[in-house]
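S.K.: Below you'll find coords_27.txt; it's compact mmCIF, C-alpha atoms.
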```
# COMPACT_ATOMS: atom_id res chain seq x y z
CA MET H 123 -11.38 -15.14 -1.13
CA LYS H 124 -8.61 -14.22 -3.57
CA ILE H 125 -5.11 -12.81 -3.47
CA PHE H 126 -4.09 -10.66 -6.41
CA PRO H 127 -0.33 -11.07 -7.01
CA GLY H 128 1.68 -8.03 -8.10
CA LYS H 129 3.46 -7.59 -11.39
CA SER H 130 6.89 -7.34 -9.74
CA ALA H 131 6.38 -10.62 -7.92
CA LEU H 132 5.32 -12.36 -11.13
CA SER H 133 8.33 -11.11 -13.04
CA ARG H 134 10.83 -12.49 -10.52
CA ARG H 135 9.20 -15.72 -9.48
CA SER H 136 7.20 -18.46 -11.20
CA LEU H 137 5.32 -19.70 -8.16
CA LEU H 138 2.09 -17.88 -8.90
CA ALA H 139 -0.45 -18.84 -11.51
CA ALA H 140 -0.15 -17.14 -14.88
CA GLY H 141 -3.80 -16.15 -14.71
CA GLY H 142 -3.01 -13.78 -11.88
CA LEU H 143 -5.29 -15.12 -9.14
CA THR H 144 -4.24 -17.41 -6.32
CA ALA H 145 -6.54 -18.70 -3.59
CA VAL H 146 -5.57 -17.61 -0.09
CA GLY H 147 -5.48 -21.19 1.07
CA SER H 148 -2.72 -22.07 -1.38
CA VAL H 149 -0.06 -19.75 0.05
CA ALA H 150 1.53 -19.26 3.43
CA LEU H 151 -0.60 -16.98 5.59
CA ALA H 152 1.92 -16.00 8.23
CA GLY H 153 2.18 -12.22 8.36
CA PRO H 154 3.01 -9.30 10.66
CA ALA H 155 0.88 -9.06 13.75
CA ALA H 156 -1.65 -6.27 13.92
CA ALA H 157 -2.41 -4.63 17.23
CA GLN H 158 -3.99 -7.03 19.72
CA ARG H 159 -6.52 -5.15 21.77
CA SER H 160 -8.35 -6.23 24.87
CA GLY H 161 -11.07 -8.76 24.07
CA ASP H 162 -9.96 -9.30 20.46
CA ALA H 163 -8.67 -12.48 18.91
CA PRO H 164 -5.18 -12.04 17.43
CA VAL H 165 -5.05 -10.77 13.85
CA ASP H 166 -1.76 -11.99 12.45
CA ASN H 167 -2.72 -13.27 8.99
CA PRO H 168 -5.14 -12.50 6.14
CA ARG H 169 -7.72 -15.11 7.14
CA ALA H 170 -7.94 -13.77 10.68
CA ALA H 171 -8.30 -10.21 9.43
CA VAL H 172 -11.09 -11.09 6.99
CA ALA H 173 -12.81 -13.14 9.69
CA ARG H 174 -12.80 -10.16 12.05
CA LEU H 175 -14.31 -7.93 9.37
CA LEU H 176 -17.04 -10.42 8.49
CA ASP H 177 -17.80 -11.14 12.15
CA GLY H 178 -18.27 -7.43 12.70
CA ASN H 179 -20.53 -7.18 9.68
CA ARG H 180 -22.58 -10.07 11.02
CA ARG H 181 -23.08 -8.16 14.28
CA PHE H 182 -24.06 -5.08 12.28
CA VAL H 183 -26.68 -6.98 10.28
CA GLN H 184 -28.09 -8.63 13.40
CA GLY H 185 -28.29 -5.37 15.33
CA ARG H 186 -25.77 -6.62 17.91
CA ARG H 187 -22.98 -4.08 17.42
CA ARG H 188 -20.32 -3.78 20.12
CA HIS H 189 -18.99 -0.36 19.00
CA PRO H 190 -15.45 -1.41 19.99
CA HIS H 191 -12.47 0.86 20.60
CA GLN H 192 -14.43 4.10 21.00
CA SER H 193 -13.97 4.83 24.71
CA PRO H 194 -12.15 7.90 26.08
CA ARG H 195 -9.35 5.59 27.20
CA HIS H 196 -8.97 4.19 23.70
CA ILE H 197 -8.82 7.72 22.28
CA ARG H 198 -5.93 8.47 24.62
CA ASP H 199 -4.20 5.17 23.84
CA LEU H 200 -4.25 5.97 20.11
CA ALA H 201 -3.00 9.54 20.44
CA ASP H 202 0.63 8.53 19.96
CA GLY H 203 0.15 6.13 17.05
CA GLN H 204 -2.05 3.74 15.11
CA ASP H 205 -1.83 0.11 14.05
CA PRO H 206 -4.87 -0.75 11.88
CA PHE H 207 -5.43 -4.43 11.08
CA ALA H 208 -7.00 -3.73 7.67
CA ILE H 209 -6.85 -1.23 4.83
CA VAL H 210 -10.19 -0.52 3.16
CA VAL H 211 -10.74 0.98 -0.29
CA GLY H 212 -14.38 2.02 -0.39
CA CYS H 213 -16.91 4.30 -2.03
CA ALA H 214 -17.60 7.79 -0.65
CA ASP H 215 -21.32 6.96 -0.50
CA SER H 216 -22.72 8.08 2.88
CA ARG H 217 -24.39 4.69 3.36
CA VAL H 218 -21.20 2.63 3.40
CA PRO H 219 -18.83 3.84 6.17
CA PRO H 220 -16.52 0.86 6.87
CA GLU H 221 -16.28 1.28 10.65
CA VAL H 222 -20.08 1.08 10.89
CA LEU H 223 -20.57 -1.79 8.42
CA PHE H 224 -17.86 -3.90 10.06
CA ASP H 225 -18.55 -2.79 13.66
CA GLN H 226 -15.00 -1.55 14.20
CA GLY H 227 -13.63 1.44 16.04
CA LEU H 228 -10.86 4.01 16.18
CA GLY H 229 -7.52 2.72 14.94
CA ASP H 230 -8.92 -0.48 13.44
CA LEU H 231 -9.27 0.41 9.75
CA PHE H 232 -7.18 2.58 7.44
CA ASP H 233 -9.90 4.01 5.20
CA ASN H 234 -9.52 5.29 1.64
CA ARG H 235 -12.84 6.42 0.16
CA VAL H 236 -13.81 8.02 -3.13
CA ALA H 237 -16.82 7.77 -5.45
CA GLY H 238 -16.71 4.44 -7.26
CA ASN H 239 -13.88 3.10 -5.06
CA ILE H 240 -11.44 4.06 -7.82
CA VAL H 241 -7.73 3.75 -7.07
CA ASP H 242 -5.87 6.70 -8.61
CA THR H 243 -2.25 7.70 -7.99
CA ILE H 244 -2.96 9.71 -4.84
CA MET H 245 -5.02 6.91 -3.30
CA LEU H 246 -2.37 4.37 -4.26
CA GLY H 247 0.20 6.44 -2.39
CA SER H 248 -2.05 6.54 0.67
CA ILE H 249 -2.45 2.77 0.57
CA GLU H 250 1.27 2.18 0.07
CA TYR H 251 1.96 4.38 3.10
CA ALA H 252 -0.31 2.19 5.22
CA VAL H 253 1.22 -1.01 3.86
CA GLU H 254 4.74 0.22 4.59
CA HIS H 255 4.12 1.72 8.03
CA PHE H 256 1.47 -0.53 9.58
CA ALA H 257 1.79 -3.84 7.67
CA PRO H 258 -1.85 -4.91 8.02
CA PRO H 259 -2.56 -8.41 6.68
CA VAL H 260 -5.55 -7.48 4.48
CA LEU H 261 -6.43 -4.85 1.89
CA LEU H 262 -10.16 -4.91 1.20
CA VAL H 263 -11.73 -3.33 -1.90
CA LEU H 264 -15.37 -2.70 -1.04
CA GLY H 265 -17.95 -1.92 -3.72
CA HIS H 266 -21.67 -1.67 -3.09
CA GLU H 267 -25.05 -2.36 -4.61
CA ARG H 268 -26.50 0.34 -6.89
CA CYS H 269 -23.32 2.45 -6.74
CA GLY H 270 -24.13 5.96 -7.96
CA ALA H 271 -20.74 6.47 -9.59
CA VAL H 272 -21.02 3.23 -11.52
CA SER H 273 -24.62 4.01 -12.48
CA ALA H 274 -23.60 7.46 -13.74
CA ALA H 275 -20.80 5.93 -15.78
CA VAL H 276 -23.15 3.38 -17.34
CA GLN H 277 -25.77 6.00 -18.20
CA THR H 278 -23.27 8.51 -19.57
CA ILE H 279 -21.42 6.00 -21.72
CA GLU H 280 -24.65 4.42 -23.01
CA SER H 281 -26.03 7.81 -24.00
CA GLY H 282 -22.80 9.05 -25.54
CA GLY H 283 -23.06 12.15 -23.39
CA THR H 284 -20.76 13.91 -20.96
CA ALA H 285 -21.16 14.19 -17.21
CA PRO H 286 -21.01 17.69 -15.70
CA GLY H 287 -17.77 19.12 -14.38
CA ALA H 288 -15.12 16.83 -12.91
CA ILE H 289 -17.67 14.02 -12.63
CA GLN H 290 -16.60 13.13 -16.17
CA ALA H 291 -13.22 12.12 -14.75
CA ILE H 292 -15.00 9.44 -12.72
CA VAL H 293 -16.80 8.25 -15.85
CA GLU H 294 -13.52 7.99 -17.74
CA ALA H 295 -11.87 6.10 -14.90
CA LEU H 296 -14.71 3.57 -14.95
CA ARG H 297 -15.01 3.38 -18.76
CA PRO H 298 -12.63 0.39 -19.17
CA VAL H 299 -14.75 -1.56 -16.70
CA VAL H 300 -18.17 -0.48 -17.94
CA GLU H 301 -17.86 -0.52 -21.74
CA PRO H 302 -17.27 -4.28 -22.15
CA LEU H 303 -20.45 -4.97 -20.18
CA LEU H 304 -22.82 -2.74 -22.14
CA GLY H 305 -25.46 -4.70 -24.01
CA GLY H 306 -24.76 -7.80 -21.98
CA PRO H 307 -27.31 -9.88 -20.07
CA GLY H 308 -28.68 -9.01 -16.66
CA ASP H 309 -28.21 -5.88 -14.60
CA VAL H 310 -25.32 -3.95 -16.16
CA VAL H 311 -24.80 -1.76 -13.08
CA GLU H 312 -24.57 -4.78 -10.78
CA ALA H 313 -22.18 -6.52 -13.16
CA ALA H 314 -20.07 -3.35 -13.35
CA VAL H 315 -19.97 -2.98 -9.55
CA ARG H 316 -18.52 -6.46 -9.23
CA ALA H 317 -16.18 -6.06 -12.20
CA ASN H 318 -14.93 -2.77 -10.78
CA VAL H 319 -14.10 -4.34 -7.42
CA LEU H 320 -11.96 -6.95 -9.15
CA ALA H 321 -10.41 -4.41 -11.53
CA GLN H 322 -9.37 -2.11 -8.68
CA ALA H 323 -8.00 -5.04 -6.69
CA ARG H 324 -5.95 -6.23 -9.63
CA HIS H 325 -4.72 -2.69 -10.28
CA LEU H 326 -3.48 -2.43 -6.70
CA ALA H 327 -1.33 -5.52 -7.12
CA GLU H 328 -0.05 -4.69 -10.59
CA ALA H 329 0.62 -0.97 -10.09
CA SER H 330 2.57 -1.19 -6.86
CA GLU H 331 5.81 -3.04 -6.17
CA ILE H 332 5.35 -2.29 -2.47
CA ILE H 333 1.97 -4.03 -2.41
CA GLY H 334 2.98 -6.80 -4.79
CA GLU H 335 5.93 -7.85 -2.67
CA LYS H 336 3.76 -8.09 0.46
CA VAL H 337 1.20 -10.18 -1.41
CA HIS H 338 3.84 -12.54 -2.79
CA ALA H 339 5.29 -13.01 0.69
CA GLY H 340 1.87 -14.04 1.99
CA GLU H 341 1.86 -11.07 4.37
CA LEU H 342 -0.97 -9.22 2.62
CA ALA H 343 -4.15 -10.39 0.89
CA ILE H 344 -6.07 -8.15 -1.48
CA VAL H 345 -9.72 -9.11 -1.15
CA GLY H 346 -12.79 -7.89 -3.05
CA ALA H 347 -16.19 -7.48 -1.41
CA ARG H 348 -19.66 -6.10 -2.09
CA TYR H 349 -22.04 -4.39 0.33
CA ASP H 350 -25.78 -4.99 -0.05
CA LEU H 351 -27.72 -1.78 0.60
CA ASP H 352 -30.94 -3.67 1.29
CA SER H 353 -29.65 -6.20 3.82
CA GLY H 354 -26.50 -4.58 5.17
CA ARG H 355 -24.54 -7.72 4.40
CA VAL H 356 -21.00 -7.79 3.02
CA THR H 357 -20.07 -10.73 0.79
CA LEU H 358 -16.72 -11.54 -0.80
CA VAL H 359 -16.39 -11.14 -4.57
CA ASP H 360 -14.44 -13.81 -6.49
```
Using structure tokens, write down the structure from this file.
M.R.:
Amino acid sequence: MKIFPGKSALSRRSLLAAGGLTAVGSVALAGPAAAQRSGDAPVDNPRAAVARLLDGNRRFVQGRRRHPHQSPRHIRDLADGQDPFAIVVGCADSRVPPEVLFDQGLGDLFDNRVAGNIVDTIMLGSIEYAVEHFAPPVLLVLGHERCGAVSAAVQTIESGGTAPGAIQAIVEALRPVVEPLLGGPGDVVEAAVRANVLAQARHLAEASEIIGEKVHAGELAIVGARYDLDSGRVTLVD
């Protein structure tokens, strides 16, 4: 699991590695407490937040989902406000809804989804809002196996063609990730899915002073992950 330090934090302090990646275990993990709901272990640091996500995914894979926080009472409790313990940047693909994959419920995850899990300015603003107002300890960038947006970008760039309509904007957003991998060994789409997760995670830290400061303080971890369409399993991407 990795933390991606922000550009602002790097410019003012020399505590983080010049390469830009610092293991979670090497920094203080104390952070703001997320909402503690009945039956849940406390989520007050990045490790605890990631553990809750992966525990939920394990239940999902095993067919032992609890469907937490979805009762009429919970709906009423959330009516006046929310306190999600994680922000998720994910793909719009209908097969990868975060609440289902991680067996979470209403108010647990602050979702941001678009084809190719691409972080543009509007999405960055949405994420910054959540970081500022709810202070969750983890920001998860979730890519997935055989991503259609990534596949379209690979095919379009390889062919030298143009995707129809505004789909070309997705291709262009993914071009810096895809082009260096073309002609390389192995499955180019799979390599691009993983590279895109890391690229979006790094972009979040470098493009936002709000996010970068939280990461430097050890209050927020930006974590990359990949969802396997065949097994349902989520694994962390280093």
S.K.: From the options H:Val222, H:Leu246, H:Val311, H:Val359, which residue's atoms come nearest to Arg187 of chain H, counting all atoms listed in the file?
M.R.: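 Between H:Val222, H:Leu246, H:Val311, H:Val359, the residue approaching Arg187 of chain H most closely is H:Val222.
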S.K.: State, in Å with one decimal place, the distance from atom CA of Gly178 of chain H to atom CA of Glu221 of chain H.
M.R.: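 Pair atom CA of Gly178 of chain H / atom CA of Glu221 of chain H returns 9.2 Å.
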S.K.: Quick one: everything within 8 Å of segment 253-270 of chain H, counting only C-alpha atoms, minus sequence neighbours fewer than 2 positions away in the same chain. Send it as a count of residues only.
M.R.: 52
S.K.: Work out how far apart atom CA of Leu326 of chain H and atom CA of Leu358 of chain H are and give it in Å to one decimal.
M.R.: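 Between atom CA of Leu326 of chain H and atom CA of Leu358 of chain H the gap is 17.1 Å.
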S.K.: Write out as a PDB file with C-alpha atoms, keeping the file's coordinate frame which residues come within 8 Å of segment 275-277 of chain H when counting only C-alpha atoms, dropping same-chain ones fewer than 2 positions away.
M.R.:
```pdb
ATOM      1  CA  ALA H 271     -20.740   6.470  -9.590  1.00  0.00           C
ATOM      2  CA  VAL H 272     -21.020   3.230 -11.520  1.00  0.00           C
ATOM      3  CA  SER H 273     -24.620   4.010 -12.480  1.00  0.00           C
ATOM      4  CA  ILE H 279     -21.420   6.000 -21.720  1.00  0.00           C
ATOM      5  CA  GLU H 280     -24.650   4.420 -23.010  1.00  0.00           C
ATOM      6  CA  SER H 281     -26.030   7.810 -24.000  1.00  0.00           C
ATOM      7  CA  ILE H 292     -15.000   9.440 -12.720  1.00  0.00           C
ATOM      8  CA  VAL H 293     -16.800   8.250 -15.850  1.00  0.00           C
ATOM      9  CA  GLU H 294     -13.520   7.990 -17.740  1.00  0.00           C
ATOM     10  CA  LEU H 296     -14.710   3.570 -14.950  1.00  0.00           C
ATOM     11  CA  ARG H 297     -15.010   3.380 -18.760  1.00  0.00           C
ATOM     12  CA  VAL H 300     -18.170  -0.480 -17.940  1.00  0.00           C
ATOM     13  CA  GLU H 301     -17.860  -0.520 -21.740  1.00  0.00           C
ATOM     14  CA  LEU H 304     -22.820  -2.740 -22.140  1.00  0.00           C
ATOM     15  CA  VAL H 310     -25.320  -3.950 -16.160  1.00  0.00           C
ATOM     16  CA  VAL H 311     -24.800  -1.760 -13.080  1.00  0.00           C
TER      17      VAL H 311
END
```
S.K.: Measuring atom to atom with all atoms listed in the file, identify which of H:Arg324, H:Arg198, H:Arg355, H:Arg188 is nearest to Gly229 of chain H.
M.R.: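 Between H:Arg324, H:Arg198, H:Arg355, H:Arg188, the residue approaching Gly229 of chain H most closely is H:Arg198.
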